[in-house]
>>> print(open('target-v6.cif').read())   # mmCIF, C-alpha atoms
data_model
loop_
_atom_site.label_atom_id
_atom_site.label_comp_id
_atom_site.auth_asym_id
_atom_site.auth_seq_id
_atom_site.Cartn_x
_atom_site.Cartn_y
_atom_site.Cartn_z
CA MET E 1 0.00 0.00 0.00
CA LEU E 2 2.80 2.41 0.92
CA SER E 3 4.62 1.61 -2.31
CA ARG E 4 1.47 2.37 -4.28
CA CYS E 5 1.02 5.72 -2.48
CA ILE E 6 4.64 6.63 -3.14
CA LYS E 7 4.26 5.87 -6.84
CA MET E 8 1.09 7.98 -6.93
CA VAL E 9 2.92 10.93 -5.39
CA SER E 10 5.78 10.56 -7.88
CA CYS E 11 3.31 10.46 -10.80
CA ALA E 12 1.54 13.53 -9.43
CA VAL E 13 4.81 15.44 -9.30
CA THR E 14 5.66 14.45 -12.87
CA LEU E 15 2.20 15.43 -14.08
CA GLY E 16 2.55 18.72 -12.25
CA LEU E 17 5.74 19.50 -14.15
CA LEU E 18 4.03 18.82 -17.48
CA LEU E 19 1.05 20.96 -16.58
CA ALA E 20 3.21 23.79 -15.28
CA SER E 21 4.94 24.12 -18.63
CA THR E 22 1.58 24.95 -20.24
CA ARG E 23 0.49 27.59 -17.75
CA PRO E 24 0.47 31.29 -18.83
CA HIS E 25 3.40 32.29 -16.61
CA ALA E 26 5.51 29.19 -17.25
CA ALA E 27 8.03 31.13 -19.34
CA GLU E 28 9.05 33.21 -16.31
CA GLY E 29 10.59 30.23 -14.55
CA VAL E 30 11.98 30.00 -11.04
CA ILE E 31 15.56 28.70 -10.70
CA VAL E 32 16.02 26.26 -7.82
CA SER E 33 19.16 24.60 -6.49
CA GLY E 34 20.38 22.70 -3.47
CA HIS E 35 23.13 20.60 -1.92
CA GLU E 36 24.80 18.12 -4.29
CA GLU E 37 24.98 15.31 -1.68
CA TYR E 38 22.11 15.56 0.80
CA ALA E 39 19.77 12.72 -0.11
CA PRO E 40 16.89 12.10 0.24
CA PHE E 41 16.20 15.83 0.36
CA MET E 42 18.47 16.95 -2.48
CA TRP E 43 21.32 15.58 -4.54
CA ARG E 44 22.93 16.02 -7.93
CA GLN E 45 21.93 14.11 -11.05
CA GLY E 46 23.85 15.50 -14.00
CA ASP E 47 23.11 19.20 -14.36
CA GLU E 48 20.10 19.07 -12.02
CA ILE E 49 19.31 18.75 -8.34
CA VAL E 50 16.67 16.14 -7.50
CA GLY E 51 14.99 14.93 -4.32
CA VAL E 52 12.26 15.79 -1.83
CA GLY E 53 13.03 19.51 -1.79
CA ILE E 54 12.80 19.90 -5.56
CA ASP E 55 9.57 17.87 -5.71
CA VAL E 56 7.97 20.04 -3.05
CA VAL E 57 9.02 23.27 -4.80
CA ASN E 58 7.60 21.85 -8.04
CA ILE E 59 4.26 21.12 -6.39
CA ILE E 60 4.08 24.59 -4.82
CA PHE E 61 4.92 26.53 -7.97
CA HIS E 62 2.76 24.32 -10.18
CA ASP E 63 -0.21 25.61 -8.16
CA LEU E 64 1.01 29.15 -8.85
CA GLY E 65 1.31 28.51 -12.59
CA ILE E 66 5.08 29.03 -12.60
CA ASN E 67 7.61 26.68 -14.16
CA VAL E 68 10.53 25.39 -12.10
CA THR E 69 14.07 24.89 -13.40
CA SER E 70 16.25 22.68 -11.20
CA ARG E 71 19.91 23.53 -11.67
CA TYR E 72 23.18 22.23 -10.23
CA VAL E 73 25.38 25.31 -9.86
CA GLY E 74 28.36 23.96 -7.92
CA PRO E 75 29.51 23.19 -4.36
CA TRP E 76 27.46 24.31 -1.38
CA LYS E 77 29.26 27.59 -0.73
CA ARG E 78 28.89 28.60 -4.38
CA ILE E 79 25.16 27.86 -4.22
CA LEU E 80 24.76 30.20 -1.26
CA ARG E 81 26.73 32.89 -3.06
CA LYS E 82 24.54 32.62 -6.17
CA ILE E 83 21.43 32.90 -4.02
CA GLU E 84 22.94 35.98 -2.37
CA LEU E 85 23.54 37.51 -5.83
CA GLY E 86 20.05 36.59 -7.00
CA GLU E 87 21.32 34.24 -9.72
CA VAL E 88 19.42 31.38 -8.03
CA ASP E 89 15.92 32.12 -6.75
CA ILE E 90 15.27 29.31 -4.30
CA LEU E 91 17.22 26.98 -2.02
CA CYS E 92 15.15 23.80 -1.81
CA GLY E 93 16.33 22.98 1.71
CA GLY E 94 18.60 24.52 4.35
CA TYR E 95 18.93 25.48 8.00
CA ILE E 96 18.07 29.00 9.12
CA THR E 97 21.15 30.90 10.35
CA ASP E 98 21.74 34.58 11.06
CA ASP E 99 24.20 35.01 8.20
CA ARG E 100 21.84 33.41 5.68
CA LEU E 101 18.99 35.63 6.85
CA GLU E 102 20.96 38.60 5.54
CA TYR E 103 20.27 37.54 1.95
CA MET E 104 17.50 34.91 2.16
CA ALA E 105 13.96 34.77 3.48
CA PHE E 106 12.96 31.35 4.79
CA SER E 107 9.66 29.56 5.00
CA GLU E 108 8.17 29.60 8.49
CA GLU E 109 6.91 26.08 7.93
CA PRO E 110 9.76 23.55 7.77
CA LEU E 111 10.26 21.14 4.94
CA SER E 112 11.31 18.39 7.35
CA ALA E 113 13.00 17.58 10.63
CA ASP E 114 16.65 16.62 10.10
CA PRO E 115 18.50 14.86 12.94
CA THR E 116 22.26 15.37 12.75
CA ALA E 117 24.81 12.76 13.78
CA VAL E 118 28.52 12.49 14.55
CA PHE E 119 30.16 10.11 12.08
CA VAL E 120 33.41 8.37 13.03
CA TRP E 121 35.73 5.63 11.74
CA HIS E 122 34.50 2.28 13.10
CA THR E 123 37.73 1.47 14.95
CA ARG E 124 37.97 4.94 16.53
CA VAL E 125 34.59 5.20 18.27
CA PHE E 126 34.51 7.37 21.38
CA PRO E 127 31.86 7.93 24.11
CA PHE E 128 29.29 10.60 23.30
CA GLU E 129 26.62 11.44 25.84
CA SER E 130 26.84 15.24 25.82
CA GLN E 131 28.64 18.03 23.97
CA ASP E 132 31.38 17.98 26.61
CA ASP E 133 32.49 14.64 25.15
CA LEU E 134 33.22 16.44 21.88
CA LYS E 135 35.66 18.97 23.30
CA GLY E 136 38.99 18.89 21.48
CA ILE E 137 37.66 16.73 18.64
CA ARG E 138 38.99 17.44 15.13
CA PHE E 139 35.93 17.92 12.91
CA GLY E 140 35.72 18.06 9.15
CA GLU E 141 33.24 20.54 7.72
CA VAL E 142 32.05 21.31 4.18
CA LEU E 143 32.51 24.99 3.36
CA GLY E 144 29.35 26.97 4.01
CA GLU E 145 27.47 24.18 5.78
CA SER E 146 25.72 24.57 9.14
CA GLN E 147 24.86 21.88 11.66
CA GLY E 148 22.65 24.24 13.62
CA GLN E 149 23.65 27.71 14.75
CA GLU E 150 24.17 26.83 18.42
CA PHE E 151 26.27 23.76 17.69
CA ASP E 152 28.28 25.66 15.05
CA ALA E 153 29.21 28.28 17.64
CA TRP E 154 29.98 25.69 20.34
CA ARG E 155 32.18 23.65 18.01
CA LYS E 156 34.23 26.64 16.90
CA LYS E 157 34.89 27.49 20.54
CA TYR E 158 35.62 24.05 21.98
CA ALA E 159 36.75 21.88 19.06
CA SER E 160 38.88 22.07 15.93
CA VAL E 161 37.16 22.55 12.56
CA GLU E 162 38.88 21.86 9.22
CA GLU E 163 36.93 23.02 6.15
CA VAL E 164 36.80 21.17 2.84
CA PRO E 165 34.91 21.93 -0.40
CA THR E 166 33.13 18.54 -0.75
CA SER E 167 31.74 15.76 1.45
CA ILE E 168 33.96 13.06 -0.07
CA LEU E 169 37.04 14.86 1.24
CA ASN E 170 35.69 14.53 4.78
CA ILE E 171 35.36 10.79 4.21
CA LYS E 172 38.92 10.51 2.89
CA LYS E 173 40.34 12.58 5.75
CA LEU E 174 38.46 10.48 8.30
CA GLN E 175 39.83 7.30 6.75
CA ALA E 176 43.37 8.71 6.92
CA ASN E 177 42.87 9.75 10.57
CA ARG E 178 43.40 13.41 9.67
CA ILE E 179 40.11 14.26 11.40
CA ASP E 180 38.27 12.50 14.23
CA ALA E 181 34.71 12.98 13.00
CA PHE E 182 32.33 14.92 10.82
CA VAL E 183 28.77 15.95 11.54
CA THR E 184 25.97 15.85 8.99
CA GLY E 185 22.32 14.85 8.59
CA LEU E 186 21.79 11.26 9.71
CA TYR E 187 19.83 10.11 6.65
CA SER E 188 21.95 11.86 4.05
CA GLY E 189 25.16 10.83 5.81
CA LEU E 190 24.26 7.14 5.83
CA LEU E 191 23.23 7.20 2.16
CA HIS E 192 26.31 9.11 1.04
CA ILE E 193 28.67 6.83 2.99
CA LYS E 194 27.02 3.76 1.48
CA LYS E 195 27.25 5.24 -2.01
CA GLU E 196 30.99 5.87 -1.61
CA GLY E 197 31.59 2.30 -0.43
CA TYR E 198 32.25 2.99 3.27
CA ALA E 199 29.15 1.39 4.86
CA GLY E 200 30.13 -0.28 8.12
CA ARG E 201 33.50 1.48 8.20
CA ILE E 202 32.15 4.96 8.88
CA ILE E 203 29.33 4.87 11.43
CA PRO E 204 27.21 7.36 13.39
CA LEU E 205 27.61 7.61 17.14
CA LYS E 206 24.60 6.52 19.16
CA HIS E 207 23.10 9.90 20.04
CA PRO E 208 22.25 12.68 17.59
CA VAL E 209 23.90 16.05 18.12
CA ASN E 210 20.55 17.77 17.67
CA THR E 211 17.52 17.82 15.43
CA GLU E 212 17.43 20.79 13.10
CA TYR E 213 14.81 21.67 10.52
CA LEU E 214 15.22 22.15 6.79
CA HIS E 215 13.38 25.15 5.36
CA ILE E 216 12.86 26.50 1.87
CA GLY E 217 14.91 29.67 1.31
CA ILE E 218 14.28 32.47 -1.20
CA SER E 219 16.84 35.03 -2.37
CA LYS E 220 15.91 38.52 -1.24
CA LYS E 221 16.81 39.63 -4.77
CA SER E 222 14.31 37.23 -6.36
CA LYS E 223 10.95 38.47 -7.66
CA TYR E 224 9.45 35.22 -6.35
CA ILE E 225 9.89 36.30 -2.73
CA GLN E 226 6.35 37.69 -2.99
CA TYR E 227 5.06 34.09 -2.94
CA LEU E 228 6.40 33.28 0.53
CA PRO E 229 2.90 33.29 2.13
CA GLN E 230 1.67 30.80 -0.48
CA ILE E 231 4.77 28.65 0.08
CA ASN E 232 4.04 28.51 3.80
CA ARG E 233 0.40 27.58 3.28
CA LYS E 234 1.25 24.83 0.82
CA LEU E 235 4.03 23.44 3.03
CA ARG E 236 1.58 23.15 5.93
CA GLU E 237 -0.85 21.31 3.69
CA LEU E 238 1.79 18.92 2.32
CA ARG E 239 3.08 18.12 5.81
CA ARG E 240 -0.39 17.57 7.26
CA ASN E 241 -1.66 15.32 4.48
CA GLY E 242 1.49 13.17 4.57
CA THR E 243 2.78 14.06 1.11
CA ILE E 244 6.23 15.13 2.30
CA GLU E 245 6.69 11.99 4.40
CA ARG E 246 5.71 9.84 1.40
CA LEU E 247 8.18 11.74 -0.77
CA ILE E 248 10.94 11.14 1.79
CA GLN E 249 10.23 7.40 1.73
CA TYR E 250 10.07 7.40 -2.07
CA HIS E 251 13.42 9.15 -2.45
CA LEU E 252 15.10 6.96 0.14
CA GLU E 253 14.09 4.05 -2.08
CA ASN E 254 14.83 5.91 -5.32
CA TYR E 255 18.33 6.92 -4.17
CA SER E 256 19.13 3.35 -3.20
CA VAL E 257 18.03 2.05 -6.60
CA THR E 258 19.44 4.75 -8.90
CA GLU E 259 22.56 5.91 -7.08
CA LEU E 260 23.64 2.99 -4.92
CA GLY E 261 22.56 0.45 -7.54
CA SER E 262 24.72 2.10 -10.20
CA VAL E 263 27.73 2.00 -7.88
CA LEU E 264 27.25 -1.69 -7.16
CA HIS E 265 27.11 -2.52 -10.87
CA GLN E 266 30.22 -0.56 -11.90
#
>>> encode(input="target-v6.cif", output="structure tokens")
Amino acid sequence: MLSRCIKMVSCAVTLGLLLASTRPHAAEGVIVSGHEEYAPFMWRQGDEIVGVGIDVVNIIFHDLGINVTSRYVGPWKRILRKIELGEVDILCGGYITDDRLEYMAFSEEPLSADPTAVFVWHTRVFPFESQDDLKGIRFGEVLGESQGQEFDAWRKKYASVEEVPTSILNIKKLQANRIDAFVTGLYSGLLHIKKEGYAGRIIPLKHPVNTEYLHIGISKKSKYIQYLPQINRKLRELRRNGTIERLIQYHLENYSVTELGSVLHQ
């Protein structure tokens, strides 16, 4: 039954895209981007970003009669810069932080809860019951990412943070014992680690660091910022009727088949 519902949601999203292209305002187009490795919410496929966030933005703007263009524009920090410049209209999922609020308006309604976990090499596990256990730890961090504003500030004060441009470099540095851990979303972290062939060797510690919330962000230079009230209303509807949860389950399955399956058959 769940599989059938998931397929129905996927078909509805696809139909929405086809219908949107025929609406009167479709030519205007809203440019959307997101993280290249943050499944099931967003990840790169060729020149596009796909996932839950893109599907939700498609549904919202289909109702507004506006076409959506999903575009991969580069690493995470570059995405944020392009949103700041107004070259990308919408971020399909991100945490709210003070620095991002300077150039983005965020939906009040979250896209989804997103528990974050500490990932370590399986032979170098350490006790983690509270943040005090993380003092002095060498963390890897992707440039421009946030793991929650409070934890970001705490980590900079009490731990060591080494920045890298891509997630795979964190994995390589952890393998080489050049860092002790990295922190990222639990779901996306597990999927990305499995895709890169490190399942069972890089593992999350037992307790999450926190649970943050992904929100849709709109560039303050975008003309589509006027639709923020409609975005909030539609997000509430999609969360309440279970559509977003079904999309999460669908993309967890879809990522495993399309991304992890292709790796296994190389």
>>> closest_residue(input="target-v6.cif", among="E:Asp89, E:Asp47, E:Asp99, E:Glu245", to="E:Lys221", atoms="all atoms listed in the file")
E:Asp89
>>> resolve_selection(input="target-v6.cif", expression="the PyMOL selection byres ((chain E and resi 252) around 10)", output="ChimeraX atom specification")
/E:39-41,51-52,187-188,191,246-251,253-257
>>> write_last_selection(input="target-v6.cif", atoms="C-alpha atoms", output="mmCIF file, in the coordinates of the input")
data_model
loop_
_atom_site.group_PDB
_atom_site.id
_atom_site.type_symbol
_atom_site.label_atom_id
_atom_site.label_comp_id
_atom_site.auth_asym_id
_atom_site.auth_seq_id
_atom_site.Cartn_x
_atom_site.Cartn_y
_atom_site.Cartn_z
ATOM 1 C CA ALA E 39 19.770 12.720 -0.110
ATOM 2 C CA PRO E 40 16.890 12.100 0.240
ATOM 3 C CA PHE E 41 16.200 15.830 0.360
ATOM 4 C CA GLY E 51 14.990 14.930 -4.320
ATOM 5 C CA VAL E 52 12.260 15.790 -1.830
ATOM 6 C CA TYR E 187 19.830 10.110 6.650
ATOM 7 C CA SER E 188 21.950 11.860 4.050
ATOM 8 C CA LEU E 191 23.230 7.200 2.160
ATOM 9 C CA ARG E 246 5.710 9.840 1.400
ATOM 10 C CA LEU E 247 8.180 11.740 -0.770
ATOM 11 C CA ILE E 248 10.940 11.140 1.790
ATOM 12 C CA GLN E 249 10.230 7.400 1.730
ATOM 13 C CA TYR E 250 10.070 7.400 -2.070
ATOM 14 C CA HIS E 251 13.420 9.150 -2.450
ATOM 15 C CA GLU E 253 14.090 4.050 -2.080
ATOM 16 C CA ASN E 254 14.830 5.910 -5.320
ATOM 17 C CA TYR E 255 18.330 6.920 -4.170
ATOM 18 C CA SER E 256 19.130 3.350 -3.200
ATOM 19 C CA VAL E 257 18.030 2.050 -6.600
#
>>> resolve_selection(input="target-v6.cif", expression="the PyMOL selection byres ((chain E and resi 232) around 10)", output="number ranges by chain")
E: 60, 106-111, 216, 227-231, 233-238
>>> write_last_selection(input="target-v6.cif", atoms="C-alpha atoms", output="PDB file, keeping the file's coordinate frame")
ATOM      1  CA  ILE E  60       4.080  24.590  -4.820  1.00  0.00           C
ATOM      2  CA  PHE E 106      12.960  31.350   4.790  1.00  0.00           C
ATOM      3  CA  SER E 107       9.660  29.560   5.000  1.00  0.00           C
ATOM      4  CA  GLU E 108       8.170  29.600   8.490  1.00  0.00           C
ATOM      5  CA  GLU E 109       6.910  26.080   7.930  1.00  0.00           C
ATOM      6  CA  PRO E 110       9.760  23.550   7.770  1.00  0.00           C
ATOM      7  CA  LEU E 111      10.260  21.140   4.940  1.00  0.00           C
ATOM      8  CA  ILE E 216      12.860  26.500   1.870  1.00  0.00           C
ATOM      9  CA  TYR E 227       5.060  34.090  -2.940  1.00  0.00           C
ATOM     10  CA  LEU E 228       6.400  33.280   0.530  1.00  0.00           C
ATOM     11  CA  PRO E 229       2.900  33.290   2.130  1.00  0.00           C
ATOM     12  CA  GLN E 230       1.670  30.800  -0.480  1.00  0.00           C
ATOM     13  CA  ILE E 231       4.770  28.650   0.080  1.00  0.00           C
ATOM     14  CA  ARG E 233       0.400  27.580   3.280  1.00  0.00           C
ATOM     15  CA  LYS E 234       1.250  24.830   0.820  1.00  0.00           C
ATOM     16  CA  LEU E 235       4.030  23.440   3.030  1.00  0.00           C
ATOM     17  CA  ARG E 236       1.580  23.150   5.930  1.00  0.00           C
ATOM     18  CA  GLU E 237      -0.850  21.310   3.690  1.00  0.00           C
ATOM     19  CA  LEU E 238       1.790  18.920   2.320  1.00  0.00           C
TER      20      LEU E 238
END
>>> resolve_selection(input="target-v6.cif", expression="the PyMOL selection byres ((chain E and resi 185) around 9)", output="ChimeraX atom specification")
/E:38,114-118,147,183-184,186-190,211-212
>>> atom_distance(input="target-v6.cif", atom1="atom CA of E:Val161", atom2="atom CA of E:Ser130")
18.3 Å
>>> closest_residue(input="target-v6.cif", among="E:Met42, E:Ala176, E:Leu169, E:Met104", to="E:Asp55", atoms="all atoms listed in the file")
E:Met42
>>> atom_distance(input="target-v6.cif", atom1="atom CA of E:Arg81", atom2="atom CA of E:Ile49")
16.8 Å
>>> closest_residue(input="target-v6.cif", among="E:Gly29, E:Cys92, E:Glu36, E:Leu174", to="E:His192", atoms="only C-alpha atoms")
E:Glu36
>>> closest_residue(input="target-v6.cif", among="E:Asn177, E:Thr97, E:Ser70, E:Ser112", to="E:Phe139", atoms="all atoms listed in the file")
E:Asn177
>>> residues_around(input="target-v6.cif", residues="E:Asp98", least_positions_apart="4", cutoff="12 Å", atoms="all atoms listed in the file", output="number ranges by chain")
E: 102-106, 146, 148-150, 152-153
>>> build_atoms(input="target-v6.cif", residues="stretch 86-106 of chain E", atoms="N, CA and C atoms", output="JSON list (two decimals), in the frame of the given file")
[["chain", "number", "residue", "atom", "x", "y", "z"],
["E", 86, "GLY", "N", 21.31, 36.64, -6.28],
["E", 86, "GLY", "CA", 20.05, 36.59, -7.00],
["E", 86, "GLY", "C", 20.10, 35.79, -8.28],
["E", 87, "GLU", "N", 21.20, 35.06, -8.51],
["E", 87, "GLU", "CA", 21.32, 34.24, -9.72],
["E", 87, "GLU", "C", 20.56, 32.93, -9.57],
["E", 88, "VAL", "N", 20.30, 32.51, -8.34],
["E", 88, "VAL", "CA", 19.42, 31.38, -8.03],
["E", 88, "VAL", "C", 18.30, 31.93, -7.16],
["E", 89, "ASP", "N", 17.06, 31.57, -7.48],
["E", 89, "ASP", "CA", 15.92, 32.12, -6.75],
["E", 89, "ASP", "C", 15.68, 31.41, -5.42],
["E", 90, "ILE", "N", 15.73, 30.08, -5.46],
["E", 90, "ILE", "CA", 15.27, 29.31, -4.30],
["E", 90, "ILE", "C", 16.27, 28.23, -3.91],
["E", 91, "LEU", "N", 16.49, 28.10, -2.62],
["E", 91, "LEU", "CA", 17.22, 26.98, -2.02],
["E", 91, "LEU", "C", 16.16, 25.98, -1.57],
["E", 92, "CYS", "N", 16.23, 24.75, -2.08],
["E", 92, "CYS", "CA", 15.15, 23.80, -1.81],
["E", 92, "CYS", "C", 15.25, 23.13, -0.44],
["E", 93, "GLY", "N", 16.24, 23.49, 0.36],
["E", 93, "GLY", "CA", 16.33, 22.98, 1.71],
["E", 93, "GLY", "C", 17.58, 23.45, 2.41],
["E", 94, "GLY", "N", 17.43, 24.06, 3.59],
["E", 94, "GLY", "CA", 18.60, 24.52, 4.35],
["E", 94, "GLY", "C", 18.19, 24.94, 5.74],
["E", 95, "TYR", "N", 19.17, 25.01, 6.64],
["E", 95, "TYR", "CA", 18.93, 25.48, 8.00],
["E", 95, "TYR", "C", 18.88, 27.01, 8.01],
["E", 96, "ILE", "N", 18.12, 27.55, 8.94],
["E", 96, "ILE", "CA", 18.07, 29.00, 9.12],
["E", 96, "ILE", "C", 19.22, 29.43, 10.02],
["E", 97, "THR", "N", 20.06, 30.33, 9.54],
["E", 97, "THR", "CA", 21.15, 30.90, 10.35],
["E", 97, "THR", "C", 21.14, 32.41, 10.17],
["E", 98, "ASP", "N", 21.75, 33.12, 11.10],
["E", 98, "ASP", "CA", 21.74, 34.58, 11.06],
["E", 98, "ASP", "C", 22.40, 35.11, 9.79],
["E", 99, "ASP", "N", 23.52, 34.50, 9.39],
["E", 99, "ASP", "CA", 24.20, 35.01, 8.20],
["E", 99, "ASP", "C", 23.39, 34.77, 6.93],
["E", 100, "ARG", "N", 22.68, 33.67, 6.85],
["E", 100, "ARG", "CA", 21.84, 33.41, 5.68],
["E", 100, "ARG", "C", 20.63, 34.33, 5.64],
["E", 101, "LEU", "N", 20.15, 34.72, 6.80],
["E", 101, "LEU", "CA", 18.99, 35.63, 6.85],
["E", 101, "LEU", "C", 19.31, 37.01, 6.28],
["E", 102, "GLU", "N", 20.59, 37.30, 6.12],
["E", 102, "GLU", "CA", 20.96, 38.60, 5.54],
["E", 102, "GLU", "C", 20.61, 38.66, 4.05],
["E", 103, "TYR", "N", 20.55, 37.51, 3.38],
["E", 103, "TYR", "CA", 20.27, 37.54, 1.95],
["E", 103, "TYR", "C", 19.17, 36.56, 1.51],
["E", 104, "MET", "N", 18.59, 35.84, 2.47],
["E", 104, "MET", "CA", 17.50, 34.91, 2.16],
["E", 104, "MET", "C", 16.35, 35.10, 3.13],
["E", 105, "ALA", "N", 15.13, 34.91, 2.62],
["E", 105, "ALA", "CA", 13.96, 34.77, 3.48],
["E", 105, "ALA", "C", 13.59, 33.29, 3.49],
["E", 106, "PHE", "N", 13.26, 32.77, 4.67],
["E", 106, "PHE", "CA", 12.96, 31.35, 4.79],
["E", 106, "PHE", "C", 11.49, 31.11, 5.08]]
